[in-house]
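Data from run.txt: compact mmCIF, C-alpha atoms and all ligand atoms
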```txt
# COMPACT_ATOMS: atom_id res chain seq x y z
CA MET Q 1 -2.61 35.69 -51.29
CA ASN Q 2 -0.39 34.58 -48.39
CA LEU Q 3 2.26 37.13 -47.49
CA LEU Q 4 5.08 36.46 -45.04
CA VAL Q 5 6.53 39.58 -43.41
CA THR Q 6 9.73 39.09 -41.45
CA GLY Q 7 10.49 41.73 -38.82
CA GLY Q 8 6.89 42.94 -39.08
CA ALA Q 9 6.74 44.04 -35.43
CA GLY Q 10 9.44 46.68 -35.94
CA PHE Q 11 9.10 50.25 -37.20
CA ILE Q 12 8.72 50.03 -41.00
CA GLY Q 13 7.42 46.44 -40.88
CA SER Q 14 4.49 47.30 -38.60
CA ASN Q 15 3.57 50.37 -40.67
CA PHE Q 16 3.62 48.10 -43.74
CA VAL Q 17 1.52 45.34 -42.15
CA ASN Q 18 -1.05 47.77 -40.73
CA MET Q 19 -1.40 49.43 -44.15
CA VAL Q 20 -1.73 46.11 -46.05
CA LEU Q 21 -4.41 44.74 -43.70
CA LYS Q 22 -6.37 47.99 -43.92
CA GLU Q 23 -6.20 48.47 -47.67
CA HIS Q 24 -5.94 44.94 -49.12
CA PRO Q 25 -8.51 42.52 -47.68
CA GLU Q 26 -7.47 39.84 -50.18
CA VAL Q 27 -4.07 39.44 -48.44
CA LYS Q 28 -3.41 37.11 -45.51
CA VAL Q 29 -0.38 38.33 -43.56
CA THR Q 30 1.85 36.22 -41.35
CA VAL Q 31 4.41 38.18 -39.34
CA LEU Q 32 7.54 36.33 -38.29
CA ASP Q 33 9.38 38.36 -35.65
CA ALA Q 34 11.79 37.41 -32.87
CA LEU Q 35 10.64 40.38 -30.75
CA THR Q 36 14.14 41.62 -30.07
CA TYR Q 37 14.47 44.81 -28.00
CA CYS Q 38 12.93 46.85 -30.84
CA GLY Q 39 10.17 44.46 -31.92
CA ASN Q 40 6.95 45.57 -30.26
CA LEU Q 41 3.47 43.99 -30.21
CA ASP Q 42 2.04 47.42 -29.30
CA ASN Q 43 2.83 48.42 -32.90
CA PHE Q 44 -0.31 46.54 -34.00
CA PRO Q 45 -3.60 48.23 -33.08
CA GLN Q 46 -6.48 46.18 -31.65
CA ASN Q 47 -8.25 45.95 -35.02
CA VAL Q 48 -5.18 44.19 -36.45
CA TRP Q 49 -5.24 41.57 -33.69
CA GLU Q 50 -8.94 41.02 -34.44
CA ASN Q 51 -8.38 40.78 -38.21
CA LYS Q 52 -8.77 37.16 -39.42
CA ASN Q 53 -6.19 37.87 -42.14
CA PHE Q 54 -3.47 38.49 -39.55
CA SER Q 55 -1.36 35.94 -37.76
CA PHE Q 56 1.72 36.48 -35.64
CA CYS Q 57 4.53 33.98 -35.15
CA GLN Q 58 7.18 34.79 -32.58
CA GLY Q 59 10.32 33.22 -33.98
CA ASN Q 60 13.80 33.82 -35.30
CA ILE Q 61 14.76 33.89 -38.99
CA LEU Q 62 17.88 31.98 -37.91
CA ASP Q 63 15.63 29.05 -36.95
CA ARG Q 64 15.94 27.09 -40.19
CA ASP Q 65 13.25 24.50 -39.44
CA LEU Q 66 10.72 27.17 -38.49
CA VAL Q 67 11.50 29.28 -41.57
CA PHE Q 68 11.28 26.29 -43.94
CA ASP Q 69 8.02 25.20 -42.35
CA LEU Q 70 6.43 28.66 -42.65
CA MET Q 71 7.61 29.09 -46.24
CA LYS Q 72 5.58 26.07 -47.45
CA ASP Q 73 2.39 28.16 -47.42
CA GLN Q 74 3.62 31.53 -48.71
CA ASP Q 75 3.05 33.24 -52.05
CA GLU Q 76 5.16 36.33 -51.35
CA VAL Q 77 7.72 37.51 -48.80
CA VAL Q 78 8.78 40.97 -47.62
CA HIS Q 79 11.96 40.68 -45.57
CA PHE Q 80 12.46 43.48 -43.03
CA ALA Q 81 13.95 41.50 -40.11
CA ALA Q 82 17.33 42.90 -39.13
CA PHE Q 83 19.38 44.42 -36.38
CA THR Q 84 19.25 48.03 -37.48
CA HIS Q 85 20.97 50.46 -35.14
CA ILE Q 86 24.38 51.53 -36.46
CA ASP Q 87 25.61 52.60 -33.01
CA ARG Q 88 24.83 49.19 -31.56
CA SER Q 89 26.65 47.50 -34.45
CA ILE Q 90 29.76 49.49 -33.54
CA ASP Q 91 29.46 48.27 -29.97
CA LEU Q 92 28.71 44.59 -30.77
CA SER Q 93 28.42 43.41 -34.36
CA ASP Q 94 27.65 39.70 -33.86
CA PRO Q 95 23.83 39.90 -33.99
CA PHE Q 96 24.08 42.06 -37.13
CA ILE Q 97 26.17 39.50 -38.97
CA ASP Q 98 23.90 36.71 -37.74
CA THR Q 99 20.48 38.17 -38.46
CA ASP Q 100 21.17 40.56 -41.31
CA PHE Q 101 23.46 38.28 -43.33
CA LYS Q 102 23.01 34.69 -42.17
CA GLY Q 103 19.27 35.12 -41.52
CA THR Q 104 18.79 36.39 -45.08
CA HIS Q 105 20.67 33.34 -46.34
CA ILE Q 106 18.27 31.01 -44.54
CA LEU Q 107 15.27 32.78 -46.08
CA LEU Q 108 16.81 32.49 -49.55
CA GLU Q 109 17.45 28.78 -49.07
CA ALA Q 110 13.85 28.36 -47.92
CA ILE Q 111 12.46 29.97 -51.07
CA ARG Q 112 14.74 27.81 -53.21
CA LYS Q 113 12.99 24.81 -51.70
CA TYR Q 114 9.48 26.34 -51.51
CA PRO Q 115 9.19 28.80 -54.39
CA VAL Q 116 7.29 32.07 -54.00
CA ARG Q 117 6.05 34.57 -56.60
CA ARG Q 118 8.20 37.38 -55.18
CA PHE Q 119 10.78 37.99 -52.44
CA VAL Q 120 11.22 41.66 -51.58
CA HIS Q 121 14.44 42.27 -49.72
CA ILE Q 122 14.62 45.48 -47.67
CA SER Q 123 18.22 46.66 -47.97
CA THR Q 124 19.31 50.20 -47.05
CA SER Q 125 20.97 53.33 -48.44
CA GLU Q 126 23.71 52.76 -45.83
CA VAL Q 127 25.23 50.17 -48.21
CA TYR Q 128 26.42 53.09 -50.39
CA GLY Q 129 28.45 54.87 -47.71
CA SER Q 130 28.97 58.64 -48.07
CA ALA Q 131 27.89 60.08 -51.41
CA GLN Q 132 30.62 60.06 -54.05
CA LYS Q 133 28.24 61.77 -56.50
CA VAL Q 134 24.77 63.24 -55.94
CA PRO Q 135 22.01 62.40 -56.20
CA MET Q 136 22.88 58.75 -55.53
CA ASP Q 137 21.28 56.34 -57.95
CA GLU Q 138 21.30 52.55 -57.77
CA SER Q 139 24.62 52.32 -59.66
CA HIS Q 140 26.45 54.29 -56.94
CA PRO Q 141 29.40 52.19 -55.63
CA LEU Q 142 28.81 50.21 -52.44
CA ASN Q 143 31.11 51.34 -49.68
CA PRO Q 144 29.56 50.39 -46.31
CA GLN Q 145 31.06 52.31 -43.37
CA SER Q 146 29.70 50.44 -40.32
CA PRO Q 147 29.32 46.77 -39.37
CA TYR Q 148 25.53 47.23 -39.81
CA ALA Q 149 25.97 48.62 -43.30
CA ALA Q 150 28.49 45.90 -44.22
CA ALA Q 151 26.18 43.12 -43.03
CA LYS Q 152 23.33 44.67 -45.03
CA ALA Q 153 25.56 45.11 -48.10
CA GLY Q 154 26.52 41.44 -47.86
CA ALA Q 155 22.85 40.45 -47.65
CA ASP Q 156 21.91 42.78 -50.52
CA ARG Q 157 24.48 41.16 -52.81
CA LEU Q 158 23.67 37.65 -51.56
CA VAL Q 159 20.03 38.20 -52.55
CA TYR Q 160 21.15 39.41 -55.97
CA SER Q 161 23.39 36.38 -56.39
CA TYR Q 162 20.36 34.12 -55.82
CA PHE Q 163 18.63 35.94 -58.67
CA LEU Q 164 21.59 35.42 -61.00
CA THR Q 165 22.45 31.90 -59.87
CA TYR Q 166 19.07 30.30 -59.21
CA GLY Q 167 16.69 32.70 -60.96
CA LEU Q 168 14.82 33.47 -57.75
CA PRO Q 169 12.16 36.21 -58.13
CA VAL Q 170 13.81 38.79 -55.87
CA VAL Q 171 13.61 42.58 -55.83
CA ILE Q 172 15.92 44.67 -53.64
CA ILE Q 173 14.76 47.96 -52.15
CA ARG Q 174 17.22 50.47 -50.73
CA PRO Q 175 15.22 52.86 -48.58
CA PHE Q 176 16.94 56.03 -47.43
CA ASN Q 177 16.21 57.13 -43.84
CA ALA Q 178 12.60 56.59 -42.80
CA TYR Q 179 10.84 58.32 -39.89
CA GLY Q 180 7.35 58.40 -38.42
CA PRO Q 181 5.12 56.57 -35.91
CA ASN Q 182 6.34 53.36 -34.17
CA GLN Q 183 10.06 54.09 -34.53
CA TYR Q 184 12.12 52.86 -31.60
CA PRO Q 185 13.19 55.97 -29.64
CA GLU Q 186 16.95 55.39 -29.86
CA LYS Q 187 16.83 56.42 -33.55
CA LEU Q 188 17.60 60.07 -34.29
CA ILE Q 189 14.19 61.69 -34.83
CA PRO Q 190 12.21 59.92 -32.07
CA PHE Q 191 15.25 60.30 -29.76
CA PHE Q 192 15.22 64.07 -30.31
CA ILE Q 193 11.42 64.34 -30.00
CA THR Q 194 11.15 62.28 -26.83
CA ASN Q 195 14.21 64.00 -25.32
CA THR Q 196 12.53 67.36 -25.93
CA ILE Q 197 9.29 66.19 -24.29
CA LEU Q 198 11.42 65.00 -21.35
CA ASP Q 199 13.27 68.32 -21.23
CA LYS Q 200 16.60 66.67 -22.02
CA ASN Q 201 19.20 67.98 -24.43
CA LEU Q 202 19.44 66.87 -28.05
CA LEU Q 203 22.81 65.11 -28.33
CA ILE Q 204 24.46 65.77 -31.66
CA TYR Q 205 27.41 63.85 -33.08
CA GLY Q 206 30.39 65.91 -34.29
CA ASN Q 207 29.41 69.24 -35.86
CA GLY Q 208 25.90 68.03 -36.80
CA LYS Q 209 26.47 68.85 -40.46
CA ASN Q 210 26.09 65.27 -41.71
CA THR Q 211 23.07 65.01 -43.98
CA ARG Q 212 20.48 62.30 -44.66
CA ASP Q 213 17.62 61.92 -47.07
CA TRP Q 214 14.36 61.47 -45.11
CA THR Q 215 11.21 59.66 -46.24
CA TYR Q 216 8.02 59.62 -44.19
CA VAL Q 217 7.26 55.99 -43.36
CA LYS Q 218 3.80 56.06 -45.01
CA ASP Q 219 5.46 56.98 -48.32
CA CYS Q 220 8.07 54.28 -47.78
CA VAL Q 221 5.53 51.48 -47.19
CA ARG Q 222 3.47 52.61 -50.20
CA GLY Q 223 6.62 52.15 -52.28
CA ILE Q 224 7.24 48.70 -50.85
CA TRP Q 225 3.69 47.64 -51.72
CA LYS Q 226 4.20 48.87 -55.28
CA VAL Q 227 7.38 46.82 -55.55
CA LEU Q 228 5.48 43.74 -54.39
CA GLN Q 229 2.83 44.28 -57.09
CA ALA Q 230 4.81 45.53 -60.11
CA PRO Q 231 5.18 43.06 -62.99
CA SER Q 232 8.55 41.94 -64.40
CA ILE Q 233 10.96 43.71 -62.05
CA GLU Q 234 12.79 40.63 -60.74
CA GLY Q 235 16.49 41.30 -60.11
CA GLU Q 236 15.99 45.08 -59.89
CA VAL Q 237 17.46 47.30 -57.18
CA ILE Q 238 15.27 50.29 -56.35
CA ASN Q 239 15.94 53.33 -54.16
CA LEU Q 240 13.14 54.88 -52.10
CA GLY Q 241 14.06 58.39 -50.98
CA SER Q 242 13.05 62.03 -51.20
CA GLY Q 243 15.89 63.52 -53.25
CA LYS Q 244 16.40 66.15 -50.53
CA GLU Q 245 18.95 66.30 -47.75
CA VAL Q 246 18.63 67.70 -44.24
CA ASP Q 247 21.46 67.90 -41.72
CA VAL Q 248 21.17 66.89 -38.08
CA VAL Q 249 21.32 70.47 -36.78
CA GLY Q 250 18.50 71.33 -39.19
CA ILE Q 251 16.35 68.53 -37.75
CA ALA Q 252 17.07 69.58 -34.18
CA GLU Q 253 16.19 73.19 -35.02
CA VAL Q 254 12.85 72.22 -36.56
CA ILE Q 255 11.95 70.04 -33.56
CA LEU Q 256 12.93 72.67 -30.98
CA GLU Q 257 11.13 75.37 -32.93
CA GLU Q 258 8.01 73.22 -33.29
CA PHE Q 259 7.85 72.72 -29.53
CA ARG Q 260 8.37 76.43 -28.98
CA VAL Q 261 5.57 77.28 -31.39
CA GLN Q 262 3.28 74.61 -30.00
CA SER Q 263 3.80 75.69 -26.44
CA SER Q 264 2.99 79.30 -27.28
CA GLU Q 265 0.17 78.77 -29.79
CA PHE Q 266 -1.01 75.15 -29.31
CA ARG Q 267 -0.78 75.02 -33.08
CA VAL Q 268 -0.64 71.27 -33.70
CA GLU Q 269 -3.85 69.44 -32.84
CA SER Q 270 -2.89 67.04 -30.10
CA SER Q 271 -4.78 65.65 -27.17
CA LYS Q 272 -1.71 66.48 -25.08
CA SER Q 273 -1.33 70.07 -26.21
CA GLU Q 274 -2.88 71.47 -23.05
CA GLU Q 275 -0.05 69.82 -21.11
CA LEU Q 276 2.65 71.52 -23.15
CA LYS Q 277 5.13 73.59 -21.25
CA VAL Q 278 7.97 75.66 -22.60
CA LYS Q 279 10.93 73.30 -23.06
CA SER Q 280 14.44 74.04 -21.96
CA SER Q 281 16.06 71.41 -24.24
CA LYS Q 282 18.91 72.59 -26.42
CA MET Q 283 21.48 71.14 -28.77
CA GLU Q 284 24.51 69.56 -27.11
CA PHE Q 285 27.46 68.65 -29.33
CA ILE Q 286 29.32 65.46 -28.42
CA GLY Q 287 32.04 63.27 -29.98
CA ASP Q 288 31.44 61.90 -33.46
CA ARG Q 289 30.26 58.39 -34.33
CA PRO Q 290 33.20 56.38 -35.72
CA GLY Q 291 32.84 55.76 -39.46
CA HIS Q 292 30.05 58.34 -39.64
CA VAL Q 293 28.57 58.66 -43.15
CA LYS Q 294 28.75 62.33 -44.17
CA ARG Q 295 26.12 62.62 -46.82
CA LEU Q 296 23.26 60.59 -48.33
CA ILE Q 297 20.91 61.95 -50.96
CA ALA Q 298 18.76 59.75 -53.16
CA SER Q 299 17.86 59.67 -56.78
CA TYR Q 300 14.40 58.06 -56.87
CA ASP Q 301 14.08 58.39 -60.68
CA LYS Q 302 13.98 54.62 -61.08
CA ALA Q 303 11.09 54.22 -58.61
CA GLU Q 304 9.27 57.03 -60.39
CA ASN Q 305 9.85 55.51 -63.83
CA ILE Q 306 9.04 51.89 -63.15
CA LEU Q 307 6.62 52.12 -60.19
CA ASP Q 308 5.12 55.58 -60.65
CA TRP Q 309 6.20 56.21 -57.05
CA HIS Q 310 7.36 59.46 -55.55
CA PRO Q 311 7.22 60.71 -51.98
CA GLU Q 312 4.10 62.75 -51.20
CA ILE Q 313 4.81 64.07 -47.72
CA GLU Q 314 7.31 66.90 -47.38
CA PHE Q 315 9.84 66.63 -44.56
CA GLU Q 316 8.47 69.48 -42.43
CA GLU Q 317 4.92 68.12 -42.68
CA GLY Q 318 6.07 64.55 -41.87
CA LEU Q 319 8.09 65.82 -38.94
CA LYS Q 320 5.09 67.68 -37.52
CA ARG Q 321 2.93 64.57 -37.86
CA THR Q 322 5.65 62.54 -36.14
CA ILE Q 323 5.96 65.02 -33.26
CA THR Q 324 2.19 64.92 -32.81
CA TRP Q 325 2.22 61.10 -32.81
CA TYR Q 326 4.91 60.90 -30.10
CA MET Q 327 3.04 63.47 -28.02
CA ASP Q 328 -0.20 61.55 -28.33
CA ASN Q 329 1.43 58.18 -27.61
CA THR Q 330 3.60 58.88 -24.57
CA GLU Q 331 2.67 55.53 -23.03
CA TRP Q 332 4.09 53.71 -26.08
CA TRP Q 333 7.56 55.22 -25.79
CA GLU Q 334 7.74 55.78 -22.02
CA LYS Q 335 7.45 52.01 -21.56
CA ILE Q 336 10.38 51.51 -23.95
CA ARG Q 337 12.55 54.22 -22.42
CA GLU Q 338 12.07 52.68 -18.98
CA LYS Q 339 13.46 49.29 -20.06
CA PRO Q 340 17.09 48.33 -19.35
CA GLU Q 341 17.73 47.63 -23.07
CA PHE Q 342 17.15 51.32 -23.75
CA LYS Q 343 18.62 52.82 -20.59
CA ASN Q 344 21.81 50.77 -20.53
CA PHE Q 345 22.60 51.45 -24.15
CA GLU Q 346 21.82 55.17 -23.89
CA LYS Q 347 24.10 55.52 -20.89
CA LEU Q 348 26.97 53.42 -22.19
CA TRP Q 349 27.01 54.91 -25.67
CA TYR Q 350 26.43 58.60 -24.95
CA ASP Q 351 28.67 58.71 -21.88
CA LYS Q 352 31.48 57.34 -24.05
CA LEU Q 353 30.94 60.02 -26.71
CA LYS Q 354 30.61 62.81 -24.14
CA VAL Q 355 33.98 61.80 -22.63
CA LYS Q 356 35.49 61.76 -26.12
CA SER Q 357 34.23 65.28 -26.80
CA GLU Q 358 35.57 66.55 -23.44
CA LYS Q 359 39.03 65.20 -24.39
CA VAL Q 360 38.85 66.98 -27.76
CA LYS Q 361 38.02 70.29 -26.01
CA VAL Q 362 41.02 69.90 -23.66
N1 LIG W 401 14.48 52.72 -40.39
C1 LIG W 401 15.13 53.16 -41.45
O1 LIG W 401 15.35 54.37 -41.59
C2 LIG W 401 15.65 52.20 -42.49
C3 LIG W 401 16.24 52.74 -43.63
C4 LIG W 401 16.69 51.86 -44.60
C5 LIG W 401 16.54 50.51 -44.47
N2 LIG W 401 15.96 50.00 -43.35
C6 LIG W 401 15.80 48.55 -43.26
O2 LIG W 401 14.41 48.28 -43.10
C7 LIG W 401 14.23 47.13 -42.28
C8 LIG W 401 13.34 47.48 -41.10
O3 LIG W 401 13.95 48.54 -40.38
P1 LIG W 401 13.24 49.14 -39.09
O4 LIG W 401 13.76 50.50 -38.90
O5 LIG W 401 11.79 48.90 -39.16
O6 LIG W 401 13.89 48.21 -37.98
P2 LIG W 401 13.49 47.89 -36.49
O7 LIG W 401 14.77 47.73 -35.77
O8 LIG W 401 12.46 48.84 -35.98
O9 LIG W 401 12.75 46.46 -36.61
C9 LIG W 401 13.44 45.27 -36.90
C10 LIG W 401 12.50 44.13 -36.57
O10 LIG W 401 13.18 42.90 -36.88
C11 LIG W 401 12.98 41.99 -35.81
N3 LIG W 401 14.10 41.05 -35.79
C12 LIG W 401 15.40 41.33 -35.52
N4 LIG W 401 16.14 40.20 -35.59
C13 LIG W 401 15.29 39.20 -35.92
C14 LIG W 401 15.46 37.83 -36.15
N5 LIG W 401 16.67 37.24 -36.05
N6 LIG W 401 14.40 37.08 -36.50
C15 LIG W 401 13.16 37.66 -36.60
N7 LIG W 401 12.94 38.96 -36.38
C16 LIG W 401 14.00 39.73 -36.05
C17 LIG W 401 12.90 42.85 -34.57
O11 LIG W 401 12.27 42.19 -33.49
C18 LIG W 401 12.12 44.06 -35.09
O12 LIG W 401 10.73 43.85 -34.94
C19 LIG W 401 15.62 46.67 -41.88
O13 LIG W 401 16.00 45.63 -42.73
C20 LIG W 401 16.48 47.90 -42.08
O14 LIG W 401 17.81 47.54 -42.38
C21 LIG W 401 15.51 50.82 -42.35
```

How does this structure look as structure tokens?
Ligand SMILES: NC(=O)c1ccc[n+]([C@@H]2O[C@H](COP(=O)([O-])OP(=O)(O)OC[C@H]3O[C@@H](n4cnc5c(N)ncnc54)[C@H](O)[C@@H]3O)[C@@H](O)[C@H]2O)c1
Amino acid sequence: MNLLVTGGAGFIGSNFVNMVLKEHPEVKVTVLDALTYCGNLDNFPQNVWENKNFSFCQGNILDRDLVFDLMKDQDEVVHFAAFTHIDRSIDLSDPFIDTDFKGTHILLEAIRKYPVRRFVHISTSEVYGSAQKVPMDESHPLNPQSPYAAAKAGADRLVYSYFLTYGLPVVIIRPFNAYGPNQYPEKLIPFFITNTILDKNLLIYGNGKNTRDWTYVKDCVRGIWKVLQAPSIEGEVINLGSGKEVDVVGIAEVILEEFRVQSSEFRVESSKSEELKVKSSKMEFIGDRPGHVKRLIASYDKAENILDWHPEIEFEEGLKRTITWYMDNTEWWEKIREKPEFKNFEKLWYDKLKVKSEKVKV
């Protein structure tokens, strides 16, 4: 089976590809990834590079000729490629509209011409906006609150329209927030973990009471594989989430506490634990993100009913595993945090919000 994975060098995509190559030797995977600032070849371990079932194509989903050419040989597609950071979409939305919406359109046109057995579109819970009722099932109204979410909502509905109009074999997944190894360190959980290791403060938007529903990435990619395999689910929209909410302050507290406990007891097995020192990081409240979604909490009943999927890793356990991974892989994220793409954005964005919060205090 030939499987095309767009955006496979990013966070969820690389976890998905590494899992498929390990557990499904019958699948040949081609990753198409533009290697934007958050695409990272280090996300594939050496055994993946040596695997004859793996090939990597550096290219853009906006490159129509390339996409059409690649699609000739594919049986299935999982489409992760996107610009994904809400904060960046507030700063400059063009690449979000281009990749997330127009790029998805090009992929859909390609599978119209070169049919595949299944096209799995990775949408997002952000398309719902803040919860109007909880838990949020797939019939919850769409009310995107950021340019990222709007571009993804447009793509989500465009994919569905290709099912209704052309009968394309699409399935749409709406994951709630994922976390775990390989996540670019500007996203909340790896930002907090790496800031703590660096003895920096954990910067919290507004009052930190906004909640999200968190799924450990290994659970998320298991769900995506199930969607790829399940019979007769074309046209379905499926949430992947945990059904539990945690607010930002709660996450910061668990991370700070975990470092405190680790530094006193060396509790988590980590090759770096002997280097642990007591951290002086603390929570620092700054201005709020414009359009900030207040609350997201998933109903995953549909995934349970039709895929027999439910999350297996509790949030505290997943968070501990994630902390351990970032401690054991400092080289991976230090390289990223040194790059101008990270530094410039961090400075520009957080300085702006710190100034805003100073003005509010005055
Ligand atoms: N991370 C989450 O919590 C989360 C939650 C819900 C949905 N999603 C969705 O899951 C998907 C993957 O998210 P992620 O967190 O792994 O993202 P990520 O930002 O880590 O990775 C995105 C990948 O897409 C690639 N890419 C970007 N533009 C491209 C283009 N024009 N052509 C080819 N490749 C391109 C990047 O190089 C990168 O490797 C996205 O569609 C995102 O909207 C993510």

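For the pair atom C10 of ligand LIG 401 (chain W) and CA of Gly243 (chain Q), the separation is 25.8 Å.
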
Residue nearest ligand LIG 401 (chain W) among Q:Asn239, Q:Asn305, Q:Asn201, Q:Thr194 (counting all atoms listed in the file): Q:Asn239

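The coordinates place CA of Leu3 (chain Q) at 16.2 Å from CA of Gly59 (chain Q).
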
Near-region 79-89 of chain Q list (7 Å; only C-alpha atoms; drop same-chain fewer than 6 positions) as a PyMOL selection string: chain Q and resi 5-8+13+95-96+99-100+120-122+146-148

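Comparing Q:Ser123, Q:Thr215, Q:Asn207, Q:Thr330 by their smallest distance to Lys294 (chain Q), the closest is Q:Asn207 (using all atoms listed in the file).
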